[in-house]
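Q: Data: upload-v9.pdb, PDB, C-alpha atoms.
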MODEL        1
ATOM      1  CA  MET A   1     160.110  43.458 138.698
ATOM      2  CA  ASN A   2     158.716  46.276 136.560
ATOM      3  CA  ILE A   3     155.096  46.322 135.482
ATOM      4  CA  LYS A   4     154.794  46.299 131.686
ATOM      5  CA  PRO A   5     152.105  48.191 129.737
ATOM      6  CA  THR A   6     149.078  46.316 128.411
ATOM      7  CA  MET A   7     146.365  47.110 125.881
ATOM      8  CA  ARG A   8     144.171  48.185 128.772
ATOM      9  CA  ASP A   9     146.674  50.941 129.599
ATOM     10  CA  VAL A  10     146.749  52.031 125.948
ATOM     11  CA  ARG A  11     142.936  52.214 125.917
ATOM     12  CA  VAL A  12     142.932  54.304 129.106
ATOM     13  CA  VAL A  13     145.324  56.778 127.475
ATOM     14  CA  LEU A  14     143.268  56.853 124.246
ATOM     15  CA  ASN A  15     140.154  57.535 126.312
ATOM     16  CA  SER A  16     141.877  60.392 128.143
ATOM     17  CA  LEU A  17     142.728  61.926 124.730
ATOM     18  CA  ASN A  18     139.167  61.389 123.387
ATOM     19  CA  CYS A  19     140.552  59.317 120.508
ATOM     20  CA  GLY A  20     137.776  56.725 120.364
ATOM     21  CA  TYR A  21     139.321  53.961 122.417
ATOM     22  CA  GLU A  22     136.135  51.907 121.919
ATOM     23  CA  THR A  23     136.956  51.536 118.214
ATOM     24  CA  THR A  24     140.180  49.662 118.940
ATOM     25  CA  GLY A  25     139.961  46.081 117.863
ATOM     26  CA  GLU A  26     142.373  43.191 117.835
ATOM     27  CA  HIS A  27     145.688  43.592 119.550
ATOM     28  CA  TYR A  28     148.871  41.621 120.082
ATOM     29  CA  ASN A  29     151.255  41.889 123.029
ATOM     30  CA  ASP A  30     154.912  41.103 122.440
ATOM     31  CA  GLN A  31     156.881  41.457 125.667
ATOM     32  CA  ARG A  32     160.630  41.166 125.421
ATOM     33  CA  VAL A  33     163.487  41.334 127.875
ATOM     34  CA  ALA A  34     164.461  44.968 127.319
ATOM     35  CA  GLY A  35     161.060  46.231 126.191
ATOM     36  CA  GLY A  36     157.998  45.216 124.248
ATOM     37  CA  ARG A  37     155.374  46.056 121.679
ATOM     38  CA  ILE A  38     151.620  46.263 121.480
ATOM     39  CA  LYS A  39     150.193  46.185 117.987
ATOM     40  CA  PHE A  40     146.554  47.229 117.742
ATOM     41  CA  PHE A  41     143.975  48.120 115.136
ATOM     42  CA  SER A  42     141.694  51.147 115.275
ATOM     43  CA  ASN A  43     138.855  52.313 113.045
ATOM     44  CA  ASP A  44     139.674  55.898 114.037
ATOM     45  CA  ASN A  45     142.568  57.759 112.486
ATOM     46  CA  ILE A  46     144.903  58.628 115.375
ATOM     47  CA  ARG A  47     146.671  61.854 114.511
ATOM     48  CA  THR A  48     150.383  62.442 114.973
ATOM     49  CA  HIS A  49     149.973  64.904 117.847
ATOM     50  CA  HIS A  50     147.801  62.350 119.682
ATOM     51  CA  MET A  51     150.530  59.732 119.230
ATOM     52  CA  ILE A  52     153.053  62.108 120.807
ATOM     53  CA  ASP A  53     150.634  62.777 123.682
ATOM     54  CA  MET A  54     150.203  59.009 124.093
ATOM     55  CA  GLU A  55     153.978  58.574 124.378
ATOM     56  CA  ASN A  56     154.170  61.278 127.062
ATOM     57  CA  ARG A  57     151.253  59.944 129.101
ATOM     58  CA  LEU A  58     152.474  56.362 128.952
ATOM     59  CA  GLN A  59     155.895  57.536 130.094
ATOM     60  CA  MET A  60     154.243  59.211 133.102
ATOM     61  CA  LEU A  61     152.385  55.970 133.902
ATOM     62  CA  PHE A  62     155.494  53.813 133.476
ATOM     63  CA  PRO A  63     158.582  55.753 134.589
ATOM     64  CA  GLY A  64     161.845  54.191 133.495
ATOM     65  CA  GLU A  65     160.453  53.229 130.082
ATOM     66  CA  VAL A  66     160.743  55.088 126.763
ATOM     67  CA  PHE A  67     157.721  54.885 124.440
ATOM     68  CA  LYS A  68     157.252  55.244 120.707
ATOM     69  CA  VAL A  69     153.775  55.143 119.118
ATOM     70  CA  GLU A  70     153.575  54.968 115.341
ATOM     71  CA  LYS A  71     151.245  54.022 112.533
ATOM     72  CA  TYR A  72     152.060  50.617 111.120
ATOM     73  CA  LEU A  73     149.959  49.687 108.084
ATOM     74  CA  GLY A  74     146.475  50.899 107.168
ATOM     75  CA  LYS A  75     144.552  50.972 110.445
ATOM     76  CA  ALA A  76     147.282  49.325 112.527
ATOM     77  CA  TYR A  77     149.368  51.093 115.169
ATOM     78  CA  THR A  78     152.286  50.008 117.301
ATOM     79  CA  CYS A  79     153.131  51.111 120.794
ATOM     80  CA  LYS A  80     156.752  50.170 121.517
ATOM     81  CA  TRP A  81     158.627  50.584 124.734
ATOM     82  CA  LYS A  82     162.149  49.996 125.943
ATOM     83  CA  ASP A  83     164.021  50.433 129.157
ATOM     84  CA  GLU A  84     165.451  53.957 129.447
ATOM     85  CA  ASP A  85     168.951  52.506 129.417
ATOM     86  CA  TRP A  86     168.354  50.984 125.962
ATOM     87  CA  GLY A  87     166.306  53.816 124.399
ATOM     88  CA  PHE A  88     165.355  54.191 120.745
ATOM     89  CA  GLU A  89     167.623  55.188 117.900
ATOM     90  CA  GLY A  90     166.700  58.336 116.025
TER      91      GLY A  90
ENDMDL
END
Represent the structure of the file as structure tokens.
A:
Amino acid sequence: MNIKPTMRDVRVVLNSLNCGYETTGEHYNDQRVAGGRIKFFSNDNIRTHHMIDMENRLQMLFPGEVFKVEKYLGKAYTCKWKDEDWGFEG
């Protein structure tokens, strides 16, 4: 059984990037069979290069998973992951 990422892991990565993890608010976990999603809100604007760094660091913490972090709407962000075998399109 693989361990799946949680919001706590996302906050640890944000803290390591000095992105103001303490300004993250509500979050939702959506764990699926081949992957999952964490949707969270932040009062800080997380820049694109920080999102790429987040993907890389989460991948180091959870080998075998592929991560994609993107801005959703307004102050919302999503952190998606899938099993390496499934991957992301594009």
Q: For a quick check of understanding, using all atoms listed in the file, which of A:Arg11, A:Cys79, A:Asn29, A:Thr24 has the smallest distance to A:Phe41?
A: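 The shortest atom-to-atom distance to A:Phe41 comes from A:Thr24.
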Q: For A:Gly64, which residue out of A:Thr23, A:Val13, A:Thr6, A:Trp81 is the nearest one, using all atoms listed in the file?
A: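 Among A:Thr23, A:Val13, A:Thr6, A:Trp81, it is A:Trp81 that comes nearest to A:Gly64.
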Q: Suppose a student applies the PyMOL selection byres ((chain A and resi 80) around 10) to this structure; what residues should they get, written as an MDAnalysis selection string?
A: chainID A and resid 5 30:31 35:39 55 65:70 77:79 81:82 88
Q: Out of A:Tyr28, A:Thr48, A:Lys75, A:Phe62, which residue has the shortest atom-to-atom distance to A:Asp9 when counting all atoms listed in the file?
A: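 Answer, going by the shortest atom-to-atom distance: A:Phe62.
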Q: I'd like the box whose edges run along x, y and z of the file and which contains every listed atom of stretch 42-55 of chain A, padded by 3 Å per side; could you state its centre and edge lengths in Å, one decimal, as lines of an AutoDock Vina configuration file?
A:
center_x = 146.4
center_y = 58.0
center_z = 118.4
size_x = 21.1
size_y = 19.8
size_z = 17.9
